[in-house]
Every structure is written in C-alpha cells, then in structure tokens.
$ cat input28.pdb   # PDB, C-alpha atoms
ATOM      1  CA  MET O 122      60.682  56.008 -53.626  1.00  0.00           C
ATOM      2  CA  LYS O 123      58.115  53.239 -53.397  1.00  0.00           C
ATOM      3  CA  SER O 124      59.862  51.522 -50.495  1.00  0.00           C
ATOM      4  CA  LEU O 125      59.962  54.741 -48.462  1.00  0.00           C
ATOM      5  CA  LEU O 126      56.220  55.388 -48.681  1.00  0.00           C
ATOM      6  CA  LEU O 127      53.587  54.310 -46.183  1.00  0.00           C
ATOM      7  CA  PRO O 128      50.691  52.047 -47.208  1.00  0.00           C
ATOM      8  CA  TYR O 129      47.750  53.635 -49.034  1.00  0.00           C
ATOM      9  CA  GLN O 130      45.374  53.061 -46.091  1.00  0.00           C
ATOM     10  CA  VAL O 131      47.462  55.424 -43.916  1.00  0.00           C
ATOM     11  CA  LYS O 132      46.220  58.287 -46.105  1.00  0.00           C
ATOM     12  CA  PHE O 133      42.770  57.971 -44.492  1.00  0.00           C
ATOM     13  CA  VAL O 134      44.244  58.226 -40.993  1.00  0.00           C
ATOM     14  CA  GLY O 135      46.113  61.321 -42.213  1.00  0.00           C
ATOM     15  CA  LEU O 136      42.921  62.865 -43.593  1.00  0.00           C
ATOM     16  CA  PHE O 137      41.172  62.271 -40.266  1.00  0.00           C
ATOM     17  CA  LEU O 138      44.047  63.782 -38.250  1.00  0.00           C
ATOM     18  CA  ALA O 139      44.385  66.777 -40.591  1.00  0.00           C
ATOM     19  CA  PHE O 140      40.643  67.419 -40.373  1.00  0.00           C
ATOM     20  CA  ALA O 141      40.796  67.138 -36.562  1.00  0.00           C
ATOM     21  CA  GLY O 142      43.701  69.608 -36.569  1.00  0.00           C
ATOM     22  CA  ILE O 143      41.730  72.082 -38.688  1.00  0.00           C
ATOM     23  CA  VAL O 144      38.695  71.782 -36.404  1.00  0.00           C
ATOM     24  CA  MET O 145      40.891  72.219 -33.325  1.00  0.00           C
ATOM     25  CA  SER O 146      42.541  75.291 -34.925  1.00  0.00           C
ATOM     26  CA  VAL O 147      39.136  76.837 -35.619  1.00  0.00           C
ATOM     27  CA  PHE O 148      38.049  76.261 -32.018  1.00  0.00           C
ATOM     28  CA  TYR O 149      41.320  77.695 -30.721  1.00  0.00           C
ATOM     29  CA  LEU O 150      41.397  80.778 -32.967  1.00  0.00           C
ATOM     30  CA  TRP O 151      37.719  81.728 -33.181  1.00  0.00           C
ATOM     31  CA  PHE O 152      36.267  80.418 -29.914  1.00  0.00           C
ATOM     32  CA  ASP O 153      39.359  80.845 -27.717  1.00  0.00           C
ATOM     33  CA  PHE O 154      39.304  77.148 -26.785  1.00  0.00           C
ATOM     34  CA  ARG O 155      41.763  76.406 -23.997  1.00  0.00           C
ATOM     35  CA  PHE O 156      42.834  73.527 -21.838  1.00  0.00           C
ATOM     36  CA  THR O 157      45.693  73.701 -19.424  1.00  0.00           C
ATOM     37  CA  VAL O 158      48.043  70.792 -18.821  1.00  0.00           C
ATOM     38  CA  PRO O 159      51.450  70.449 -17.207  1.00  0.00           C
ATOM     39  CA  VAL O 160      54.235  70.273 -19.795  1.00  0.00           C
ATOM     40  CA  PHE O 161      57.973  69.735 -19.675  1.00  0.00           C
ATOM     41  CA  ALA O 162      59.981  72.393 -21.504  1.00  0.00           C
ATOM     42  CA  ILE O 163      63.625  72.160 -22.490  1.00  0.00           C
ATOM     43  CA  PHE O 164      63.531  75.913 -23.141  1.00  0.00           C
ATOM     44  CA  SER O 165      60.807  78.425 -22.289  1.00  0.00           C
ATOM     45  CA  SER O 166      60.900  82.166 -22.749  1.00  0.00           C
ATOM     46  CA  PHE O 167      57.675  83.948 -21.815  1.00  0.00           C
ATOM     47  CA  LEU O 168      58.028  86.414 -18.973  1.00  0.00           C
ATOM     48  CA  GLU O 169      61.338  84.913 -17.982  1.00  0.00           C
ATOM     49  CA  THR O 170      63.741  82.475 -19.604  1.00  0.00           C
ATOM     50  CA  LYS O 171      63.787  78.980 -18.086  1.00  0.00           C
ATOM     51  CA  MET O 172      65.423  75.728 -19.044  1.00  0.00           C
ATOM     52  CA  PHE O 173      64.403  72.167 -18.173  1.00  0.00           C
ATOM     53  CA  VAL O 174      61.247  73.114 -16.278  1.00  0.00           C
ATOM     54  CA  THR O 175      57.715  71.835 -15.845  1.00  0.00           C
ATOM     55  CA  PHE O 176      54.822  74.292 -15.856  1.00  0.00           C
ATOM     56  CA  ASN O 177      51.125  74.531 -16.730  1.00  0.00           C
ATOM     57  CA  THR O 178      50.201  75.979 -20.107  1.00  0.00           C
ATOM     58  CA  ASN O 179      47.380  76.094 -22.628  1.00  0.00           C
ATOM     59  CA  PHE O 180      48.029  73.057 -24.816  1.00  0.00           C
ATOM     60  CA  ALA O 181      45.237  73.621 -27.378  1.00  0.00           C
ATOM     61  CA  ASP O 182      47.449  75.328 -29.975  1.00  0.00           C
ATOM     62  CA  GLU O 183      50.195  72.711 -29.681  1.00  0.00           C
ATOM     63  CA  LEU O 184      47.654  69.896 -30.062  1.00  0.00           C
ATOM     64  CA  ALA O 185      46.084  71.549 -33.125  1.00  0.00           C
ATOM     65  CA  MET O 186      49.500  71.964 -34.777  1.00  0.00           C
ATOM     66  CA  MET O 187      50.551  68.385 -33.945  1.00  0.00           C
ATOM     67  CA  LEU O 188      47.324  66.952 -35.381  1.00  0.00           C
ATOM     68  CA  LEU O 189      47.592  69.013 -38.561  1.00  0.00           C
ATOM     69  CA  LEU O 190      51.300  68.357 -39.087  1.00  0.00           C
ATOM     70  CA  THR O 191      50.964  64.613 -38.418  1.00  0.00           C
ATOM     71  CA  GLY O 192      47.908  64.340 -40.675  1.00  0.00           C
ATOM     72  CA  LEU O 193      49.527  66.207 -43.562  1.00  0.00           C
ATOM     73  CA  SER O 194      52.709  64.159 -43.190  1.00  0.00           C
ATOM     74  CA  LEU O 195      50.774  60.895 -43.359  1.00  0.00           C
ATOM     75  CA  ILE O 196      48.970  62.093 -46.502  1.00  0.00           C
ATOM     76  CA  VAL O 197      52.179  63.290 -48.169  1.00  0.00           C
ATOM     77  CA  PHE O 198      54.146  60.129 -47.394  1.00  0.00           C
ATOM     78  CA  SER O 199      51.515  57.513 -48.246  1.00  0.00           C
ATOM     79  CA  LYS O 200      51.228  55.598 -51.494  1.00  0.00           C
ATOM     80  CA  GLU O 201      48.524  56.127 -54.061  1.00  0.00           C
ATOM     81  CA  LYS O 202      45.994  53.378 -54.739  1.00  0.00           C
ATOM     82  CA  ILE O 203      47.828  52.444 -57.950  1.00  0.00           C
ATOM     83  CA  GLU O 204      51.549  53.209 -57.957  1.00  0.00           C
ATOM     84  CA  SER O 205      53.637  53.776 -61.081  1.00  0.00           C
ATOM     85  CA  GLU O 206      56.984  55.146 -62.190  1.00  0.00           C
ATOM     86  CA  TYR O 207      55.124  58.206 -63.441  1.00  0.00           C
ATOM     87  CA  LEU O 208      53.954  58.908 -59.873  1.00  0.00           C
ATOM     88  CA  ASP O 209      57.541  58.645 -58.596  1.00  0.00           C
ATOM     89  CA  ALA O 210      58.659  61.266 -61.108  1.00  0.00           C
ATOM     90  CA  THR O 211      55.633  63.429 -60.342  1.00  0.00           C
ATOM     91  CA  ARG O 212      56.404  63.274 -56.609  1.00  0.00           C
ATOM     92  CA  GLY O 213      59.917  64.563 -57.252  1.00  0.00           C
ATOM     93  CA  LYS O 214      58.732  67.392 -59.507  1.00  0.00           C
ATOM     94  CA  ALA O 215      55.980  68.363 -57.072  1.00  0.00           C
ATOM     95  CA  MET O 216      58.409  68.451 -54.139  1.00  0.00           C
ATOM     96  CA  VAL O 217      60.854  70.697 -55.997  1.00  0.00           C
ATOM     97  CA  LYS O 218      58.051  73.085 -56.975  1.00  0.00           C
ATOM     98  CA  ALA O 219      56.618  73.041 -53.438  1.00  0.00           C
ATOM     99  CA  LEU O 220      60.004  73.944 -51.941  1.00  0.00           C
ATOM    100  CA  LEU O 221      60.448  76.715 -54.498  1.00  0.00           C
ATOM    101  CA  TYR O 222      57.007  78.233 -53.817  1.00  0.00           C
ATOM    102  CA  ASN O 223      57.517  77.866 -50.070  1.00  0.00           C
ATOM    103  CA  ASN O 224      60.870  79.669 -50.208  1.00  0.00           C
ATOM    104  CA  ILE O 225      59.367  82.457 -52.338  1.00  0.00           C
ATOM    105  CA  MET O 226      56.613  82.851 -49.746  1.00  0.00           C
ATOM    106  CA  LEU O 227      59.204  82.999 -46.950  1.00  0.00           C
ATOM    107  CA  LEU O 228      61.326  85.572 -48.780  1.00  0.00           C
ATOM    108  CA  PHE O 229      58.233  87.686 -49.380  1.00  0.00           C
ATOM    109  CA  SER O 230      57.370  87.387 -45.674  1.00  0.00           C
ATOM    110  CA  ILE O 231      60.873  88.380 -44.584  1.00  0.00           C
ATOM    111  CA  LEU O 232      60.775  91.466 -46.793  1.00  0.00           C
ATOM    112  CA  PHE O 233      57.228  92.692 -46.240  1.00  0.00           C
ATOM    113  CA  ILE O 234      55.748  91.250 -43.013  1.00  0.00           C
ATOM    114  CA  TYR O 235      56.939  92.318 -39.567  1.00  0.00           C
ATOM    115  CA  GLY O 236      56.213  91.741 -35.886  1.00  0.00           C
ATOM    116  CA  SER O 237      53.549  89.272 -34.815  1.00  0.00           C
ATOM    117  CA  GLY O 238      52.406  88.921 -38.444  1.00  0.00           C
ATOM    118  CA  PHE O 239      55.797  87.429 -39.262  1.00  0.00           C
ATOM    119  CA  ILE O 240      55.485  84.978 -36.356  1.00  0.00           C
ATOM    120  CA  GLY O 241      52.105  83.998 -37.825  1.00  0.00           C
ATOM    121  CA  MET O 242      53.771  83.401 -41.192  1.00  0.00           C
ATOM    122  CA  LEU O 243      56.346  81.159 -39.505  1.00  0.00           C
ATOM    123  CA  VAL O 244      53.530  79.117 -37.971  1.00  0.00           C
ATOM    124  CA  ILE O 245      51.870  78.858 -41.396  1.00  0.00           C
ATOM    125  CA  ASN O 246      55.243  77.747 -42.759  1.00  0.00           C
ATOM    126  CA  LEU O 247      55.011  74.616 -40.614  1.00  0.00           C
ATOM    127  CA  PHE O 248      52.284  73.385 -42.981  1.00  0.00           C
ATOM    128  CA  SER O 249      52.732  75.329 -46.202  1.00  0.00           C
ATOM    129  CA  CYS O 250      55.344  73.093 -47.819  1.00  0.00           C
ATOM    130  CA  SER O 251      53.149  70.015 -47.339  1.00  0.00           C
ATOM    131  CA  LEU O 252      50.097  71.877 -48.609  1.00  0.00           C
ATOM    132  CA  PHE O 253      51.949  73.219 -51.661  1.00  0.00           C
ATOM    133  CA  TYR O 254      53.193  69.692 -52.370  1.00  0.00           C
ATOM    134  CA  LEU O 255      49.727  68.138 -52.102  1.00  0.00           C
ATOM    135  CA  PHE O 256      48.100  70.764 -54.329  1.00  0.00           C
ATOM    136  CA  ILE O 257      50.848  70.506 -56.962  1.00  0.00           C
ATOM    137  CA  PHE O 258      51.051  66.690 -56.881  1.00  0.00           C
ATOM    138  CA  TYR O 259      47.318  66.156 -57.236  1.00  0.00           C
ATOM    139  CA  TYR O 260      47.010  68.910 -59.867  1.00  0.00           C
ATOM    140  CA  MET O 261      49.775  67.268 -61.930  1.00  0.00           C
ATOM    141  CA  ASN O 262      48.021  63.897 -61.606  1.00  0.00           C
ATOM    142  CA  TYR O 263      44.690  65.435 -62.601  1.00  0.00           C
ATOM    143  CA  LYS O 264      46.279  67.139 -65.599  1.00  0.00           C
ATOM    144  CA  GLN O 265      47.949  63.870 -66.703  1.00  0.00           C
ATOM    145  CA  LYS O 266      44.695  61.903 -66.428  1.00  0.00           C
ATOM    146  CA  THR O 267      42.834  64.605 -68.369  1.00  0.00           C
ATOM    147  CA  ASN O 268      45.475  64.473 -71.123  1.00  0.00           C
ATOM    148  CA  GLU O 269      45.258  60.674 -71.261  1.00  0.00           C
ATOM    149  CA  LYS O 270      41.462  60.826 -71.593  1.00  0.00           C
ATOM    150  CA  ARG O 271      41.771  63.439 -74.336  1.00  0.00           C
ATOM    151  CA  GLU O 272      44.254  61.253 -76.238  1.00  0.00           C
ATOM    152  CA  LEU O 273      42.016  58.192 -75.886  1.00  0.00           C
ATOM    153  CA  SER O 274      39.069  60.236 -77.110  1.00  0.00           C
ATOM    154  CA  LYS O 275      41.046  61.387 -80.164  1.00  0.00           C
ATOM    155  CA  LEU O 276      42.053  57.792 -80.918  1.00  0.00           C
ATOM    156  CA  ALA O 277      38.453  56.610 -80.605  1.00  0.00           C
ATOM    157  CA  ASP O 278      37.221  59.446 -82.872  1.00  0.00           C
ATOM    158  CA  SER O 279      39.861  58.754 -85.538  1.00  0.00           C
ATOM    159  CA  LYS O 280      38.957  55.072 -85.931  1.00  0.00           C
ATOM    160  CA  PRO O 281      36.683  54.327 -88.910  1.00  0.00           C
TER
END

$ encode --input "input28.pdb" --output "structure tokens"
Amino acid sequence: MKSLLLPYQVKFVGLFLAFAGIVMSVFYLWFDFRFTVPVFAIFSSFLETKMFVTFNTNFADELAMMLLLTGLSLIVFSKEKIESEYLDATRGKAMVKALLYNNIMLLFSILFIYGSGFIGMLVINLFSCSLFYLFIFYYMNYKQKTNEKRELSKLADSKP
C-alpha cells in the first residue's frame, strides 16, 4: 500500500482543492453563480439528445464537483506524516467500512428517495465514499492514539 500512495505534501494541495470545491458549491447553490463556456460533449440529453457536439453551458457545477472530487482523492490517496504497518491495516478496514456505509446509504436512497431528490443523492454519492473513508480512517487513528496514551498513563501510574 505504501508504494501506491502519494507523498504527504500532496494532502495540503488536496485540502486546498476540496475547500475551493466547497466554496464553489456554496456560490453555485446559494448565490446561483454561473459562468458559461463552450464544452465538448460525447453525449448530451437536455431538450434533445445529441452526440459528439460542442455547445455553451454553465460550467460552475462541473468545476465545483471536479475541485471537490480531485481534492478528496488527493487527501484519501496521500501518505500520513509517519507511515506504519498499522496505518496500512487501518486504511483497509476504513475502506471496507466506507464502502459498506456508502452502499447502505445508496440502498436507502433507492428505496425511499424519488425524482430529483434521488438525482441529488447520486451527486452526493460522488463524494460520500471518500468522506466516509476519511471520517472512519481518522477516527480509527484517533481512537488508537487515545488508547496508546491511556496505556502509557497506566504504565506510568503503576511504576513505584
């Protein structure tokens, strides 16, 4: 796993991009921020279905999603400051739990959310697995460090 991870410093680039994506999402959703650019589409289905066309569209939502997805990916796939075998095992456990929670969320959405709300859930799903992973991974690390401190405290208290 260590050889597949990006350097630790990339995490800061990821944090910056994820933050920029969140800010861009807020501007897009709450302030109706728009900017129109020409784009090439392999497939487009708005009012009519087209293939391999160029047209002008609002690119703000695509940019926000690209920034957020790229930022989260850089955070997820970068090393920690101090790497260990424990972190490799924790990464695996966190990924399995993140996929499980993500699939439960999707099943819930399929059963109970319909129409445009379901499309919104699919957009959220672009980021939810990474977010679940990050929360679980860092919680497991926090819990391990807390347990280690508790054990060291017990050892220090038991010495005469």

$ resolve_selection --input "input28.pdb" --expression "the PyMOL selection byres ((chain O and resi 133) around 12)" --output "PyMOL selection string"
chain O and resi 127-132+134-140+192-202

$ write_last_selection --input "input28.pdb" --atoms "C-alpha atoms" --output "compact mmCIF listing (two decimals), keeping the file's coordinate frame"
# COMPACT_ATOMS: atom_id res chain seq x y z
CA LEU O 127 53.59 54.31 -46.18
CA PRO O 128 50.69 52.05 -47.21
CA TYR O 129 47.75 53.64 -49.03
CA GLN O 130 45.37 53.06 -46.09
CA VAL O 131 47.46 55.42 -43.92
CA LYS O 132 46.22 58.29 -46.10
CA VAL O 134 44.24 58.23 -40.99
CA GLY O 135 46.11 61.32 -42.21
CA LEU O 136 42.92 62.86 -43.59
CA PHE O 137 41.17 62.27 -40.27
CA LEU O 138 44.05 63.78 -38.25
CA ALA O 139 44.38 66.78 -40.59
CA PHE O 140 40.64 67.42 -40.37
CA GLY O 192 47.91 64.34 -40.67
CA LEU O 193 49.53 66.21 -43.56
CA SER O 194 52.71 64.16 -43.19
CA LEU O 195 50.77 60.90 -43.36
CA ILE O 196 48.97 62.09 -46.50
CA VAL O 197 52.18 63.29 -48.17
CA PHE O 198 54.15 60.13 -47.39
CA SER O 199 51.52 57.51 -48.25
CA LYS O 200 51.23 55.60 -51.49
CA GLU O 201 48.52 56.13 -54.06
CA LYS O 202 45.99 53.38 -54.74

$ resolve_selection --input "input28.pdb" --expression "the PyMOL selection byres ((chain O and resi 177) around 10)" --output "CSV table (one decimal) with C-alpha atoms, in the coordinates of the input"
chain,number,residue,atom,x,y,z
O,156,PHE,CA,42.8,73.5,-21.8
O,157,THR,CA,45.7,73.7,-19.4
O,158,VAL,CA,48.0,70.8,-18.8
O,159,PRO,CA,51.4,70.4,-17.2
O,160,VAL,CA,54.2,70.3,-19.8
O,161,PHE,CA,58.0,69.7,-19.7
O,175,THR,CA,57.7,71.8,-15.8
O,176,PHE,CA,54.8,74.3,-15.9
O,178,THR,CA,50.2,76.0,-20.1
O,179,ASN,CA,47.4,76.1,-22.6
O,180,PHE,CA,48.0,73.1,-24.8

$ resolve_selection --input "input28.pdb" --expression "the PyMOL selection byres ((chain O and resi 261) around 12)" --output "list in words"
Tyr207, Leu208, Ala210, Thr211, Arg212, Gly213, Lys214, Ala215, Met216, Lys218, Tyr254, Leu255, Phe256, Ile257, Phe258, Tyr259, Tyr260, Asn262, Tyr263, Lys264, Gln265, Lys266, Thr267 and Asn268 of chain O

$ closest_residue --input "input28.pdb" --among "O:Gly241, O:Ser249, O:Phe173, O:Phe164" --to "O:Leu220" --atoms "all atoms listed in the file"
O:Ser249

$ atom_distance --input "input28.pdb" --atom1 "atom CA of O:Asp209" --atom2 "atom CA of O:Asn223"
21.0 Å

$ closest_residue --input "input28.pdb" --among "O:Met226, O:Asp278, O:Val147, O:Leu221" --to "O:Ile245" --atoms "only C-alpha atoms"
O:Met226

$ axis_aligned_box --input "input28.pdb" --around "stretch 152-166 of chain O" --padding-each-side "4 Å" --output "AutoDock Vina command-line options"
--center_x 49.9 --center_y 76.0 --center_z -23.6 --size_x 35.4 --size_y 20.4 --size_z 20.7

$ atom_distance --input "input28.pdb" --atom1 "atom CA of O:Phe148" --atom2 "atom CA of O:Ile234"
25.7 Å

$ closest_residue --input "input28.pdb" --among "O:Glu204, O:Lys171, O:Leu276, O:Ser166" --to "O:Ser124" --atoms "all atoms listed in the file"
O:Glu204

$ build_atoms --input "input28.pdb" --residues "stretch 137-148 of chain O" --atoms "all heavy atoms" --output "PDB file, in the coordinates of the input"
ATOM      1  N   PHE O 137      41.898  62.101 -41.528  1.00  0.00           N
ATOM      2  CA  PHE O 137      41.172  62.271 -40.266  1.00  0.00           C
ATOM      3  C   PHE O 137      41.939  63.189 -39.311  1.00  0.00           C
ATOM      4  O   PHE O 137      41.360  64.111 -38.727  1.00  0.00           O
ATOM      5  CB  PHE O 137      40.929  60.910 -39.610  1.00  0.00           C
ATOM      6  CG  PHE O 137      40.299  61.019 -38.251  1.00  0.00           C
ATOM      7  CD1 PHE O 137      38.948  61.297 -38.114  1.00  0.00           C
ATOM      8  CD2 PHE O 137      41.069  60.865 -37.102  1.00  0.00           C
ATOM      9  CE1 PHE O 137      38.370  61.422 -36.861  1.00  0.00           C
ATOM     10  CE2 PHE O 137      40.501  60.986 -35.847  1.00  0.00           C
ATOM     11  CZ  PHE O 137      39.143  61.264 -35.721  1.00  0.00           C
ATOM     12  N   LEU O 138      43.247  62.955 -39.156  1.00  0.00           N
ATOM     13  CA  LEU O 138      44.047  63.782 -38.250  1.00  0.00           C
ATOM     14  C   LEU O 138      44.148  65.227 -38.740  1.00  0.00           C
ATOM     15  O   LEU O 138      44.067  66.172 -37.941  1.00  0.00           O
ATOM     16  CB  LEU O 138      45.447  63.187 -38.074  1.00  0.00           C
ATOM     17  CG  LEU O 138      45.527  61.863 -37.324  1.00  0.00           C
ATOM     18  CD1 LEU O 138      46.952  61.333 -37.318  1.00  0.00           C
ATOM     19  CD2 LEU O 138      45.007  62.011 -35.905  1.00  0.00           C
ATOM     20  N   ALA O 139      44.318  65.420 -40.047  1.00  0.00           N
ATOM     21  CA  ALA O 139      44.385  66.777 -40.591  1.00  0.00           C
ATOM     22  C   ALA O 139      43.056  67.503 -40.380  1.00  0.00           C
ATOM     23  O   ALA O 139      43.044  68.681 -39.992  1.00  0.00           O
ATOM     24  CB  ALA O 139      44.741  66.739 -42.078  1.00  0.00           C
ATOM     25  N   PHE O 140      41.955  66.815 -40.606  1.00  0.00           N
ATOM     26  CA  PHE O 140      40.643  67.419 -40.373  1.00  0.00           C
ATOM     27  C   PHE O 140      40.471  67.772 -38.892  1.00  0.00           C
ATOM     28  O   PHE O 140      39.976  68.861 -38.562  1.00  0.00           O
ATOM     29  CB  PHE O 140      39.528  66.477 -40.836  1.00  0.00           C
ATOM     30  CG  PHE O 140      38.157  67.032 -40.634  1.00  0.00           C
ATOM     31  CD1 PHE O 140      37.677  68.044 -41.459  1.00  0.00           C
ATOM     32  CD2 PHE O 140      37.341  66.561 -39.623  1.00  0.00           C
ATOM     33  CE1 PHE O 140      36.412  68.573 -41.275  1.00  0.00           C
ATOM     34  CE2 PHE O 140      36.080  67.083 -39.425  1.00  0.00           C
ATOM     35  CZ  PHE O 140      35.605  68.090 -40.253  1.00  0.00           C
ATOM     36  N   ALA O 141      40.878  66.860 -38.007  1.00  0.00           N
ATOM     37  CA  ALA O 141      40.796  67.138 -36.562  1.00  0.00           C
ATOM     38  C   ALA O 141      41.664  68.339 -36.197  1.00  0.00           C
ATOM     39  O   ALA O 141      41.276  69.168 -35.367  1.00  0.00           O
ATOM     40  CB  ALA O 141      41.224  65.906 -35.767  1.00  0.00           C
ATOM     41  N   GLY O 142      42.829  68.466 -36.817  1.00  0.00           N
ATOM     42  CA  GLY O 142      43.701  69.608 -36.569  1.00  0.00           C
ATOM     43  C   GLY O 142      43.083  70.917 -37.037  1.00  0.00           C
ATOM     44  O   GLY O 142      43.196  71.948 -36.364  1.00  0.00           O
ATOM     45  N   ILE O 143      42.399  70.882 -38.177  1.00  0.00           N
ATOM     46  CA  ILE O 143      41.730  72.082 -38.688  1.00  0.00           C
ATOM     47  C   ILE O 143      40.589  72.479 -37.755  1.00  0.00           C
ATOM     48  O   ILE O 143      40.437  73.654 -37.402  1.00  0.00           O
ATOM     49  CB  ILE O 143      41.220  71.854 -40.128  1.00  0.00           C
ATOM     50  CG1 ILE O 143      42.410  71.749 -41.087  1.00  0.00           C
ATOM     51  CG2 ILE O 143      40.265  72.962 -40.559  1.00  0.00           C
ATOM     52  CD1 ILE O 143      42.051  71.262 -42.470  1.00  0.00           C
ATOM     53  N   VAL O 144      39.799  71.501 -37.332  1.00  0.00           N
ATOM     54  CA  VAL O 144      38.695  71.782 -36.404  1.00  0.00           C
ATOM     55  C   VAL O 144      39.238  72.343 -35.098  1.00  0.00           C
ATOM     56  O   VAL O 144      38.716  73.344 -34.573  1.00  0.00           O
ATOM     57  CB  VAL O 144      37.852  70.502 -36.160  1.00  0.00           C
ATOM     58  CG1 VAL O 144      36.882  70.695 -35.015  1.00  0.00           C
ATOM     59  CG2 VAL O 144      37.123  70.105 -37.434  1.00  0.00           C
ATOM     60  N   MET O 145      40.295  71.739 -34.570  1.00  0.00           N
ATOM     61  CA  MET O 145      40.891  72.219 -33.325  1.00  0.00           C
ATOM     62  C   MET O 145      41.435  73.637 -33.495  1.00  0.00           C
ATOM     63  O   MET O 145      41.293  74.470 -32.595  1.00  0.00           O
ATOM     64  CB  MET O 145      42.009  71.275 -32.894  1.00  0.00           C
ATOM     65  CG  MET O 145      42.635  71.648 -31.592  1.00  0.00           C
ATOM     66  SD  MET O 145      41.492  71.372 -30.259  1.00  0.00           S
ATOM     67  CE  MET O 145      42.505  70.395 -29.226  1.00  0.00           C
ATOM     68  N   SER O 146      42.032  73.937 -34.650  1.00  0.00           N
ATOM     69  CA  SER O 146      42.541  75.291 -34.925  1.00  0.00           C
ATOM     70  C   SER O 146      41.416  76.306 -34.948  1.00  0.00           C
ATOM     71  O   SER O 146      41.556  77.412 -34.423  1.00  0.00           O
ATOM     72  CB  SER O 146      43.281  75.321 -36.262  1.00  0.00           C
ATOM     73  OG  SER O 146      44.400  74.484 -36.228  1.00  0.00           O
ATOM     74  N   VAL O 147      40.292  75.940 -35.562  1.00  0.00           N
ATOM     75  CA  VAL O 147      39.136  76.837 -35.619  1.00  0.00           C
ATOM     76  C   VAL O 147      38.631  77.117 -34.205  1.00  0.00           C
ATOM     77  O   VAL O 147      38.375  78.267 -33.835  1.00  0.00           O
ATOM     78  CB  VAL O 147      38.013  76.245 -36.506  1.00  0.00           C
ATOM     79  CG1 VAL O 147      36.703  76.989 -36.329  1.00  0.00           C
ATOM     80  CG2 VAL O 147      38.448  76.250 -37.961  1.00  0.00           C
ATOM     81  N   PHE O 148      38.498  76.067 -33.395  1.00  0.00           N
ATOM     82  CA  PHE O 148      38.049  76.261 -32.018  1.00  0.00           C
ATOM     83  C   PHE O 148      39.031  77.128 -31.231  1.00  0.00           C
ATOM     84  O   PHE O 148      38.620  77.980 -30.446  1.00  0.00           O
ATOM     85  CB  PHE O 148      37.861  74.917 -31.305  1.00  0.00           C
ATOM     86  CG  PHE O 148      36.536  74.276 -31.591  1.00  0.00           C
ATOM     87  CD1 PHE O 148      36.461  73.183 -32.437  1.00  0.00           C
ATOM     88  CD2 PHE O 148      35.370  74.765 -31.025  1.00  0.00           C
ATOM     89  CE1 PHE O 148      35.247  72.589 -32.712  1.00  0.00           C
ATOM     90  CE2 PHE O 148      34.146  74.182 -31.295  1.00  0.00           C
ATOM     91  CZ  PHE O 148      34.085  73.092 -32.140  1.00  0.00           C
TER      92      PHE O 148
END
